[in-house]
Structure formats: C-alpha cells, structure tokens
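*Asks:* To be precise about what I am sending: the file is called entry.tsv and holds TSV, C-alpha atoms and all ligand atoms.
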```
chain	number	residue	atom	x	y	z
A	256	MET	CA	84.25	-27.86	-13.08
A	257	ILE	CA	81.64	-25.18	-12.33
A	258	GLU	CA	84.01	-22.41	-13.40
A	259	GLN	CA	84.80	-24.12	-16.70
A	260	ASN	CA	81.14	-24.87	-17.37
A	261	VAL	CA	80.17	-21.23	-16.84
A	262	LYS	CA	82.93	-20.00	-19.13
A	263	ASN	CA	82.07	-22.49	-21.87
A	264	ILE	CA	78.36	-21.70	-21.75
A	265	LEU	CA	78.88	-17.94	-21.71
A	266	ALA	CA	81.25	-18.22	-24.66
A	267	GLY	CA	78.71	-20.33	-26.56
A	268	ILE	CA	75.40	-18.50	-26.13
A	269	GLY	CA	76.19	-15.01	-27.47
A	270	THR	CA	73.24	-13.67	-29.42
A	271	ASN	CA	70.16	-15.32	-30.94
A	272	PRO	CA	69.29	-15.14	-34.67
A	273	TYR	CA	67.32	-11.92	-33.98
A	274	GLY	CA	70.54	-10.25	-32.88
A	275	GLU	CA	69.45	-10.13	-29.23
A	276	LYS	CA	71.91	-10.81	-26.44
A	277	VAL	CA	71.03	-14.01	-24.58
A	278	THR	CA	70.93	-13.71	-20.78
A	279	LEU	CA	72.11	-16.71	-18.80
A	280	VAL	CA	70.28	-17.34	-15.53
A	281	ALA	CA	71.80	-19.99	-13.25
A	282	ALA	CA	69.02	-22.22	-11.84
A	283	VAL	CA	70.33	-22.74	-8.33
A	284	LYS	CA	67.80	-25.08	-6.69
A	285	THR	CA	69.55	-27.60	-4.37
A	286	GLN	CA	72.97	-25.96	-4.90
A	287	SER	CA	75.08	-24.90	-1.93
A	288	PRO	CA	75.91	-21.22	-1.41
A	289	GLN	CA	79.56	-22.15	-1.97
A	290	ASP	CA	78.84	-23.60	-5.41
A	291	ILE	CA	76.56	-20.71	-6.32
A	292	ASN	CA	79.29	-18.27	-5.36
A	293	ARG	CA	81.80	-20.21	-7.46
A	294	ALA	CA	79.51	-19.79	-10.45
A	295	ILE	CA	79.15	-16.09	-9.72
A	296	HIS	CA	82.89	-15.61	-9.49
A	297	ALA	CA	83.21	-17.37	-12.86
A	298	GLY	CA	80.87	-14.88	-14.53
A	299	ILE	CA	77.24	-15.66	-13.61
A	300	THR	CA	75.35	-12.39	-13.06
A	301	HIS	CA	71.76	-13.71	-12.81
A	302	ILE	CA	70.50	-16.47	-10.51
A	303	GLY	CA	67.05	-18.06	-10.28
A	304	ASP	CA	65.47	-19.79	-7.31
A	305	ASN	CA	62.59	-22.27	-7.22
A	306	HIS	CA	61.86	-22.58	-3.53
A	307	VAL	CA	61.14	-19.73	-1.15
A	308	GLN	CA	62.65	-21.53	1.84
A	309	GLU	CA	65.91	-22.21	0.00
A	310	PHE	CA	65.98	-18.63	-1.23
A	311	ARG	CA	65.64	-17.36	2.34
A	312	ASP	CA	68.17	-19.78	3.83
A	313	LYS	CA	70.85	-18.80	1.34
A	314	TYR	CA	70.01	-15.15	0.82
A	315	ASP	CA	72.69	-13.61	3.03
A	316	LEU	CA	75.38	-16.03	1.84
A	317	ILE	CA	75.25	-15.14	-1.85
A	318	GLU	CA	78.11	-12.91	-2.96
A	319	GLY	CA	78.47	-10.38	-5.72
A	320	HIS	CA	74.87	-9.04	-5.86
A	321	PRO	CA	73.58	-11.04	-8.83
A	322	VAL	CA	70.23	-10.17	-10.39
A	323	ARG	CA	67.64	-12.34	-8.59
A	324	HIS	CA	64.97	-14.27	-10.47
A	325	PHE	CA	62.22	-16.43	-9.05
A	326	ILE	CA	61.51	-19.31	-11.43
A	327	GLY	CA	59.49	-21.82	-9.36
A	328	HIS	CA	55.82	-22.29	-8.60
A	329	LEU	CA	54.95	-19.59	-6.09
A	330	GLN	CA	52.22	-19.78	-3.43
A	331	THR	CA	50.59	-16.43	-2.77
A	332	ASN	CA	51.18	-16.69	0.99
A	333	LYS	CA	54.95	-16.78	0.39
A	334	ILE	CA	55.18	-13.66	-1.76
A	335	LYS	CA	55.97	-11.58	1.32
A	336	TYR	CA	59.38	-13.25	1.64
A	337	LEU	CA	60.39	-12.26	-1.88
A	338	ILE	CA	59.05	-8.73	-2.20
A	339	GLY	CA	61.83	-6.22	-2.71
A	340	LYS	CA	64.42	-9.01	-2.98
A	341	THR	CA	63.44	-10.42	-6.37
A	342	ASP	CA	64.21	-8.56	-9.57
A	343	LEU	CA	62.13	-10.70	-11.95
A	344	TYR	CA	59.26	-13.06	-11.13
A	345	GLN	CA	59.44	-15.41	-14.10
A	346	SER	CA	56.77	-17.92	-13.18
A	347	VAL	CA	53.56	-15.88	-13.00
A	348	ASP	CA	51.30	-18.75	-13.97
A	349	ARG	CA	47.85	-17.58	-12.84
A	350	PHE	CA	45.94	-14.33	-12.45
A	351	GLU	CA	45.50	-14.77	-8.69
A	352	LEU	CA	49.29	-14.74	-8.26
A	353	ALA	CA	49.70	-11.64	-10.42
A	354	ASP	CA	46.97	-9.86	-8.47
A	355	GLU	CA	48.54	-10.66	-5.11
A	356	LEU	CA	52.03	-9.73	-6.35
A	357	SER	CA	50.67	-6.38	-7.47
A	358	LYS	CA	48.96	-5.76	-4.12
A	359	ARG	CA	52.05	-6.67	-2.13
A	360	SER	CA	54.28	-4.57	-4.40
A	361	ALA	CA	51.98	-1.56	-4.06
A	362	ARG	CA	52.03	-1.91	-0.29
A	363	ALA	CA	55.84	-1.93	-0.39
A	364	GLY	CA	55.85	1.11	-2.66
A	365	ILE	CA	57.52	-0.70	-5.57
A	366	THR	CA	56.74	-1.95	-9.05
A	367	SER	CA	57.68	-5.60	-9.64
A	368	ASP	CA	58.91	-6.97	-12.95
A	369	ILE	CA	57.28	-10.19	-14.10
A	370	LEU	CA	57.13	-12.68	-16.95
A	371	ILE	CA	53.94	-14.49	-17.85
A	372	GLU	CA	54.39	-18.26	-17.85
A	373	ILE	CA	52.86	-20.10	-20.76
A	374	ASN	CA	52.24	-23.85	-20.71
A	375	VAL	CA	53.04	-24.11	-24.39
A	376	GLY	CA	53.05	-27.90	-24.51
A	377	CYS	CA	49.61	-28.11	-22.81
A	378	GLU	CA	51.11	-30.39	-20.20
A	379	GLU	CA	49.14	-31.58	-17.17
A	380	SER	CA	52.33	-31.55	-15.08
A	381	LYS	CA	53.21	-27.93	-15.82
A	382	SER	CA	51.64	-24.71	-14.75
A	383	GLY	CA	51.07	-21.58	-16.78
A	384	PHE	CA	48.46	-20.03	-19.01
A	385	ASP	CA	47.34	-21.88	-22.12
A	386	TYR	CA	49.03	-20.54	-25.23
A	387	GLU	CA	45.70	-19.47	-26.68
A	388	GLU	CA	44.98	-17.49	-23.52
A	389	GLY	CA	48.33	-15.73	-23.64
A	390	PHE	CA	47.19	-12.42	-25.04
A	391	ALA	CA	44.09	-12.27	-22.82
A	392	ALA	CA	46.23	-13.04	-19.76
A	393	TYR	CA	48.61	-10.27	-20.78
A	394	SER	CA	45.76	-7.76	-21.19
A	395	LYS	CA	44.25	-8.60	-17.82
A	396	ILE	CA	47.57	-8.55	-15.92
A	397	LYS	CA	48.53	-5.34	-17.69
A	398	GLU	CA	45.74	-3.60	-15.75
A	399	LEU	CA	47.38	-4.32	-12.41
A	400	PRO	CA	49.02	-1.14	-11.12
A	401	ALA	CA	52.21	-2.35	-9.44
A	402	LEU	CA	53.49	-4.83	-12.00
A	403	ARG	CA	55.53	-4.34	-15.15
A	404	ILE	CA	55.29	-7.16	-17.67
A	405	ARG	CA	58.70	-7.79	-19.22
A	406	GLY	CA	57.91	-10.82	-21.35
A	407	LEU	CA	57.14	-14.52	-21.40
A	408	MET	CA	58.50	-17.68	-19.84
A	409	ALA	CA	58.00	-21.26	-20.97
A	410	MET	CA	59.21	-24.74	-20.21
A	411	LEU	CA	59.12	-27.07	-23.17
A	412	PRO	CA	58.16	-30.74	-22.80
A	413	PHE	CA	60.88	-33.03	-21.50
A	414	THR	CA	61.92	-34.74	-24.71
A	415	ASP	CA	64.83	-34.56	-27.11
A	416	ASP	CA	62.54	-34.92	-30.13
A	417	GLU	CA	63.26	-31.72	-32.04
A	418	SER	CA	60.18	-32.16	-34.23
A	419	ILE	CA	58.12	-31.61	-31.07
A	420	LEU	CA	60.30	-28.92	-29.49
A	421	ARG	CA	60.97	-26.64	-32.44
A	422	PRO	CA	57.35	-25.78	-33.38
A	423	LEU	CA	56.55	-25.06	-29.73
A	424	ALA	CA	59.58	-22.81	-29.31
A	425	ARG	CA	58.68	-20.97	-32.53
A	426	LYS	CA	55.10	-20.49	-31.35
A	427	MET	CA	56.44	-18.83	-28.21
A	428	ARG	CA	58.47	-16.43	-30.30
A	429	VAL	CA	55.35	-15.54	-32.33
A	430	LEU	CA	53.41	-14.64	-29.18
A	431	TYR	CA	56.41	-12.75	-27.83
A	432	ASP	CA	56.77	-10.71	-31.02
A	433	GLY	CA	53.05	-9.92	-30.98
A	434	LEU	CA	53.27	-8.48	-27.47
A	435	ARG	CA	56.55	-6.70	-28.09
A	436	LYS	CA	55.03	-4.76	-30.97
A	437	THR	CA	52.57	-3.03	-28.67
A	438	ASP	CA	54.51	-2.87	-25.40
A	439	GLY	CA	57.97	-1.37	-25.12
A	440	ASN	CA	58.60	-2.96	-21.72
A	441	ILE	CA	58.59	-6.44	-23.25
A	442	CYS	CA	62.14	-7.65	-23.79
A	443	TYR	CA	62.51	-11.19	-22.41
A	444	LEU	CA	61.56	-14.53	-23.84
A	445	SER	CA	62.78	-16.92	-21.16
A	446	MET	CA	62.91	-20.38	-22.66
A	447	GLY	CA	65.59	-23.07	-22.53
A	448	MET	CA	67.00	-25.44	-19.92
A	449	SER	CA	70.09	-27.65	-20.03
A	450	GLY	CA	68.59	-30.16	-22.47
A	451	ASP	CA	67.10	-27.76	-24.98
A	452	TYR	CA	68.66	-24.32	-24.62
A	453	LYS	CA	70.58	-24.35	-27.90
A	454	LEU	CA	67.43	-25.16	-29.84
A	455	CYS	CA	65.50	-22.52	-27.89
A	456	ILE	CA	68.07	-19.84	-28.71
A	457	GLU	CA	67.91	-20.82	-32.39
A	458	CYS	CA	64.13	-20.35	-32.22
A	459	GLY	CA	64.38	-16.88	-30.66
A	460	SER	CA	64.78	-17.26	-26.91
A	461	ASN	CA	66.86	-14.50	-25.32
A	462	MET	CA	67.01	-15.84	-21.76
A	463	VAL	CA	67.97	-19.36	-20.71
A	464	ARG	CA	67.78	-20.94	-17.26
A	465	LEU	CA	70.47	-23.55	-16.72
A	466	GLY	CA	71.13	-25.77	-13.72
A	467	THR	CA	72.59	-29.12	-14.69
A	468	SER	CA	74.92	-27.83	-17.37
A	469	ILE	CA	76.47	-25.42	-14.85
A	470	PHE	CA	76.47	-27.46	-11.63
A	471	GLY	CA	76.16	-31.07	-12.82
A	472	ALA	CA	73.31	-33.44	-11.91
A	473	ARG	CA	71.28	-32.29	-8.91
A	474	ASN	CA	71.46	-34.15	-5.61
A	475	TYR	CA	68.03	-33.96	-3.96
A	476	ASN	CA	69.12	-35.51	-0.64
A	501	LIG	C1	65.45	-26.53	-12.59
A	501	LIG	C2	64.93	-25.55	-13.55
A	501	LIG	C3	65.69	-25.16	-14.65
A	501	LIG	C4	67.04	-25.73	-14.99
A	501	LIG	O1	66.96	-27.09	-15.31
A	501	LIG	P1	68.24	-27.87	-15.90
A	501	LIG	O2	67.63	-28.92	-16.75
A	501	LIG	O3	68.96	-28.43	-14.72
A	501	LIG	O4	69.05	-26.91	-16.64
A	501	LIG	C5	65.14	-24.19	-15.49
A	501	LIG	N1	63.93	-23.65	-15.27
A	501	LIG	C6	63.18	-24.01	-14.22
A	501	LIG	C7	61.87	-23.37	-14.03
A	501	LIG	C8	63.65	-24.98	-13.34
A	501	LIG	O5	62.88	-25.35	-12.32
```
Translate the structure described by the file into structure tokens.
Ligand SMILES: *Cc1c(COP(=O)(O)O)cnc(C)c1O
*Replies:*
Amino acid sequence: MIEQNVKNILAGIGTNPYGEKVTLVAAVKTQSPQDINRAIHAGITHIGDNHVQEFRDKYDLIEGHPVRHFIGHLQTNKIKYLIGKTDLYQSVDRFELADELSKRSARAGITSDILIEINVGCEESKSGFDYEEGFAAYSKIKELPALRIRGLMAMLPFTDDESILRPLARKMRVLYDGLRKTDGNICYLSMGMSGDYKLCIECGSNMVRLGTSIFGARNYN
C-alpha cells in the first residue's frame, strides 16, 4: 500500500509548469517508525514532522537519513530539541519564532534554513503572516544573522472549491516570484497537501507535503 502510493505519487508529480522539480515531503505525524521507513525504502527522501515530542521519540528509529523538515506550529521553548537535527523549518509563522531560531542557531554555530509561513486564506484557525505583510516579514527576518530564508510555505483553506483555491495558490506564486527576483537563496514554494497538491503544482508550487495520500487516513488514537 504505502510503497505503491509513494511510487505512484513520485511518478505523477514531476515538474511544475515553471519547469521546476517538485519535492515530495512525507508528512509523518501519527505514523509509526515502521511505516515511515517503508515509505523511505519506497523512495521518500524528505520527511516532515509536526510535533516535537513525536520527532524526538522516533528520531533514532528512522532509517536512510532523509532530509528533515519541521512543518508544525513550533513553540519557542521547544526549538532546542530540533536545532541541528532539522534541515528546513517550514512553519516560521511569527517574528518571535524566527528571532529565537536565529539566536539558538547562532549559539550552536550553525545557520538554519527556513520558510516563511503565509496565512494566504486569512483563516482564524491557521497561523502565519498575512499575505500583505509577506514582504515586510521577509525583510525583517532577513536581518537575523543565523537564518537563511529559502522560500514560502502556505496551507490553503480546507475546501475542494477550485474557484477559491486557485486564486490563492496563484497569489502565493506571485509573492514567491517577487522574493526570488531579489534573493538567490529563495527556491521553495511549499504548498499542497493530499487534497489540493495537484492544483497547487499547476499554480507553481515546487514542494508538496503529503500524509494521507501516502499513508492512508490518520489514526489519532
Ligand atoms: C498533516 C499536514 C500535511 C499533510 O496533510 P494530508 O492532508 O494528510 O496530506 C501537510 N502540511 C502540514 C503542515 C500538515 O500538518
């Protein structure tokens, strides 16, 4: 099941209409180390965690040295458990978090790669900077010494109404292109989950985060 899903998805995503290779990140929240390792053996090279405790519990059991992403809401007091073990912090949703990540990275003698999370649908239930604040947030975070901004991350509203999703996904690509023009480190637009990733790729995403379509429906018990 998992193996076939990974192969099918990898065969299907390819490149986006901008000719950019699309990176598949497996969203592994609630999944067992065994199932995560099955996905890795089938071809997954990037995995993304949401919860620091789960990340720590499973850390030594993950095989094959995948690239590690953190994709969940992150409390500043938990950063210490991730420093040096996370390759890309995707969900930098507030300046305070960026500032603390930079301080902790500097103390560890490293530079951390991050994405700036944008709440493109202006949803109460989601975190991230407002779209209109995106460039200002970028400029302010850019000043922090131990971070390298690699791009943007967004979660679209939970709907299958394409007339809502498409304009939002396109807006994200506009902001991404604006930043990319002035900053050569910018190369990721992380947008797309199981329900909307095909649409997101069509609109210019080059990184998708998939859980359900790899592992099946999550069991939260
Ligand atoms: C869970 C999660 C995903 C994957 O969701 P699916 O709908 O299961 O593909 C992607 N991004 C984030 C931030 C998530 O928390």
*Asks:* Pick from A:Thr285, A:Thr366, A:Ser460, A:Asn476: nearest to ligand LIG 501 (chain A), with all atoms listed in the file counted?
*Replies:* A:Thr285
*Asks:* Calculated over all atoms listed in the file, which of the candidates A:His296, A:Lys436, A:Lys397, A:His306 has the smallest distance to ligand LIG 501 (chain A)?
*Replies:*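 Checking each candidate against ligand LIG 501 (chain A), we get A:His306 as the closest.
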*Asks:* Write out as a count of residues only the residues lying within 12 Å of His301 of chain A, counting only C-alpha atoms and excluding same-chain residues fewer than 6 positions away.
*Replies:* 29
*Asks:* Counting only C-alpha atoms, which of A:Asn332, A:Ser380, A:Thr300, A:Asn440 gets nearest to Asp368 of chain A?
*Replies:*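 Nearest to Asp368 of chain A: A:Asn440.
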*Asks:* Pick the closest to ligand LIG 501 (chain A) from A:His328, A:Lys313, A:Arg405, A:Lys426: which is it, counting all atoms listed in the file?
*Replies:*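 Ranking A:His328, A:Lys313, A:Arg405, A:Lys426 by distance to ligand LIG 501 (chain A), first place goes to A:His328.
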*Asks:* Ligand LIG 501 (chain A): which residues are within 8 Å, counting only C-alpha atoms and all ligand atoms? Reply as a PDB file with C-alpha atoms, keeping the file's coordinate frame.
*Replies:*
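The resulting selection-v5.pdb:
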```pdb
ATOM      1  CA  ALA A 281      71.800 -19.990 -13.250  1.00  0.00           C
ATOM      2  CA  ALA A 282      69.020 -22.220 -11.840  1.00  0.00           C
ATOM      3  CA  VAL A 283      70.330 -22.740  -8.330  1.00  0.00           C
ATOM      4  CA  LYS A 284      67.800 -25.080  -6.690  1.00  0.00           C
ATOM      5  CA  ASP A 304      65.470 -19.790  -7.310  1.00  0.00           C
ATOM      6  CA  ASN A 305      62.590 -22.270  -7.220  1.00  0.00           C
ATOM      7  CA  ILE A 326      61.510 -19.310 -11.430  1.00  0.00           C
ATOM      8  CA  GLY A 327      59.490 -21.820  -9.360  1.00  0.00           C
ATOM      9  CA  SER A 346      56.770 -17.920 -13.180  1.00  0.00           C
ATOM     10  CA  MET A 410      59.210 -24.740 -20.210  1.00  0.00           C
ATOM     11  CA  GLY A 447      65.590 -23.070 -22.530  1.00  0.00           C
ATOM     12  CA  MET A 448      67.000 -25.440 -19.920  1.00  0.00           C
ATOM     13  CA  SER A 449      70.090 -27.650 -20.030  1.00  0.00           C
ATOM     14  CA  GLY A 450      68.590 -30.160 -22.470  1.00  0.00           C
ATOM     15  CA  VAL A 463      67.970 -19.360 -20.710  1.00  0.00           C
ATOM     16  CA  ARG A 464      67.780 -20.940 -17.260  1.00  0.00           C
ATOM     17  CA  LEU A 465      70.470 -23.550 -16.720  1.00  0.00           C
ATOM     18  CA  GLY A 466      71.130 -25.770 -13.720  1.00  0.00           C
ATOM     19  CA  THR A 467      72.590 -29.120 -14.690  1.00  0.00           C
ATOM     20  CA  SER A 468      74.920 -27.830 -17.370  1.00  0.00           C
ATOM     21  CA  ILE A 469      76.470 -25.420 -14.850  1.00  0.00           C
ATOM     22  CA  GLY A 471      76.160 -31.070 -12.820  1.00  0.00           C
ATOM     23  CA  ALA A 472      73.310 -33.440 -11.910  1.00  0.00           C
ATOM     24  CA  ARG A 473      71.280 -32.290  -8.910  1.00  0.00           C
TER      25      ARG A 473
END
```
*Asks:* How many Å separate atom CA of Leu454 of chain A from atom CA of Glu378 of chain A?
*Replies:*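 Separation between atom CA of Leu454 of chain A and atom CA of Glu378 of chain A: 19.7 Å.
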*Asks:* Check the smallest atom-to-atom distance from each of A:Ala424, A:Ile456, A:Val307, A:Met256 to Ile373 of chain A using all atoms listed in the file, then report the winner.
*Replies:*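 Answer, going by the shortest atom-to-atom distance: A:Ala424.
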*Asks:* My list of candidates is A:Asp348, A:Glu275, A:Asp354, A:Asp438. Which is closest to Val375 of chain A when distances are computed with only C-alpha atoms?
*Replies:* A:Asp348
*Asks:* With a distance cut-off of 12 Å and all atoms listed in the file, select the neighbouring residues of segment 349-351 of chain A, excluding the residue or stretch itself and same-chain residues fewer than 5 positions from it, and output the selection as a list in words.
*Replies:*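 The contact residues come out as His328, Leu329, Gln330, Thr331, Asn332, Ile334, Leu356, Ser357, Lys358, Leu370, Ile371, Glu372, Ile373, Asn374, Ser382, Gly383, Phe384, Asp385, Glu388, Gly389, Ala391, Ala392, Tyr393, Ser394, Lys395, Ile396, Lys397, Glu398 and Leu399 of chain A.
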*Asks:* Please measure the separation of atom CA of Val429 of chain A and atom CA of Glu355 of chain A, giving the value in Å to one decimal.
*Replies:*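 These atoms are spaced 28.5 Å apart.
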*Asks:* Between atom CA of Phe413 of chain A and atom CA of Gly274 of chain A, measure the distance and give it in Å to one decimal.
*Replies:*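 Distance reported for this atom pair: 27.2 Å.
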*Asks:* Could you list, as a PDB file with C-alpha atoms, in the frame of the given file, every residue within 12 Å of Arg435 of chain A, counting all atoms listed in the file and ignoring same-chain residues fewer than 3 positions away?
*Replies:*
```pdb
ATOM      1  CA  PHE A 390      47.190 -12.420 -25.040  1.00  0.00           C
ATOM      2  CA  TYR A 393      48.610 -10.270 -20.780  1.00  0.00           C
ATOM      3  CA  ILE A 404      55.290  -7.160 -17.670  1.00  0.00           C
ATOM      4  CA  ARG A 405      58.700  -7.790 -19.220  1.00  0.00           C
ATOM      5  CA  GLY A 406      57.910 -10.820 -21.350  1.00  0.00           C
ATOM      6  CA  LEU A 407      57.140 -14.520 -21.400  1.00  0.00           C
ATOM      7  CA  ARG A 428      58.470 -16.430 -30.300  1.00  0.00           C
ATOM      8  CA  VAL A 429      55.350 -15.540 -32.330  1.00  0.00           C
ATOM      9  CA  LEU A 430      53.410 -14.640 -29.180  1.00  0.00           C
ATOM     10  CA  TYR A 431      56.410 -12.750 -27.830  1.00  0.00           C
ATOM     11  CA  ASP A 432      56.770 -10.710 -31.020  1.00  0.00           C
ATOM     12  CA  ASP A 438      54.510  -2.870 -25.400  1.00  0.00           C
ATOM     13  CA  GLY A 439      57.970  -1.370 -25.120  1.00  0.00           C
ATOM     14  CA  ASN A 440      58.600  -2.960 -21.720  1.00  0.00           C
ATOM     15  CA  ILE A 441      58.590  -6.440 -23.250  1.00  0.00           C
ATOM     16  CA  CYS A 442      62.140  -7.650 -23.790  1.00  0.00           C
ATOM     17  CA  TYR A 443      62.510 -11.190 -22.410  1.00  0.00           C
ATOM     18  CA  LEU A 444      61.560 -14.530 -23.840  1.00  0.00           C
TER      19      LEU A 444
END
```
*Asks:* Excluding same-chain residues fewer than 3 positions from Lys262 of chain A, what lies within 8 Å of it counting only C-alpha atoms, as a ChimeraX atom specification?
*Replies:* /A:258-259,265-266,297-298
*Asks:* Would you kindly return, as a PyMOL selection string, each protein, DNA or RNA residue with an atom no farther than 7 Å from any atom of Ser367 of chain A, considering only C-alpha atoms and excluding same-chain residues fewer than 4 positions away?
*Replies:* chain A and resi 360+401-403
*Asks:* Keeping only C-alpha atoms, write those residues as a PDB file, in the coordinates of the input.
*Replies:*
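Ended up saving to selection22.pdb:
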```pdb
ATOM      1  CA  SER A 360      54.280  -4.570  -4.400  1.00  0.00           C
ATOM      2  CA  ALA A 401      52.210  -2.350  -9.440  1.00  0.00           C
ATOM      3  CA  LEU A 402      53.490  -4.830 -12.000  1.00  0.00           C
ATOM      4  CA  ARG A 403      55.530  -4.340 -15.150  1.00  0.00           C
TER       5      ARG A 403
END
```
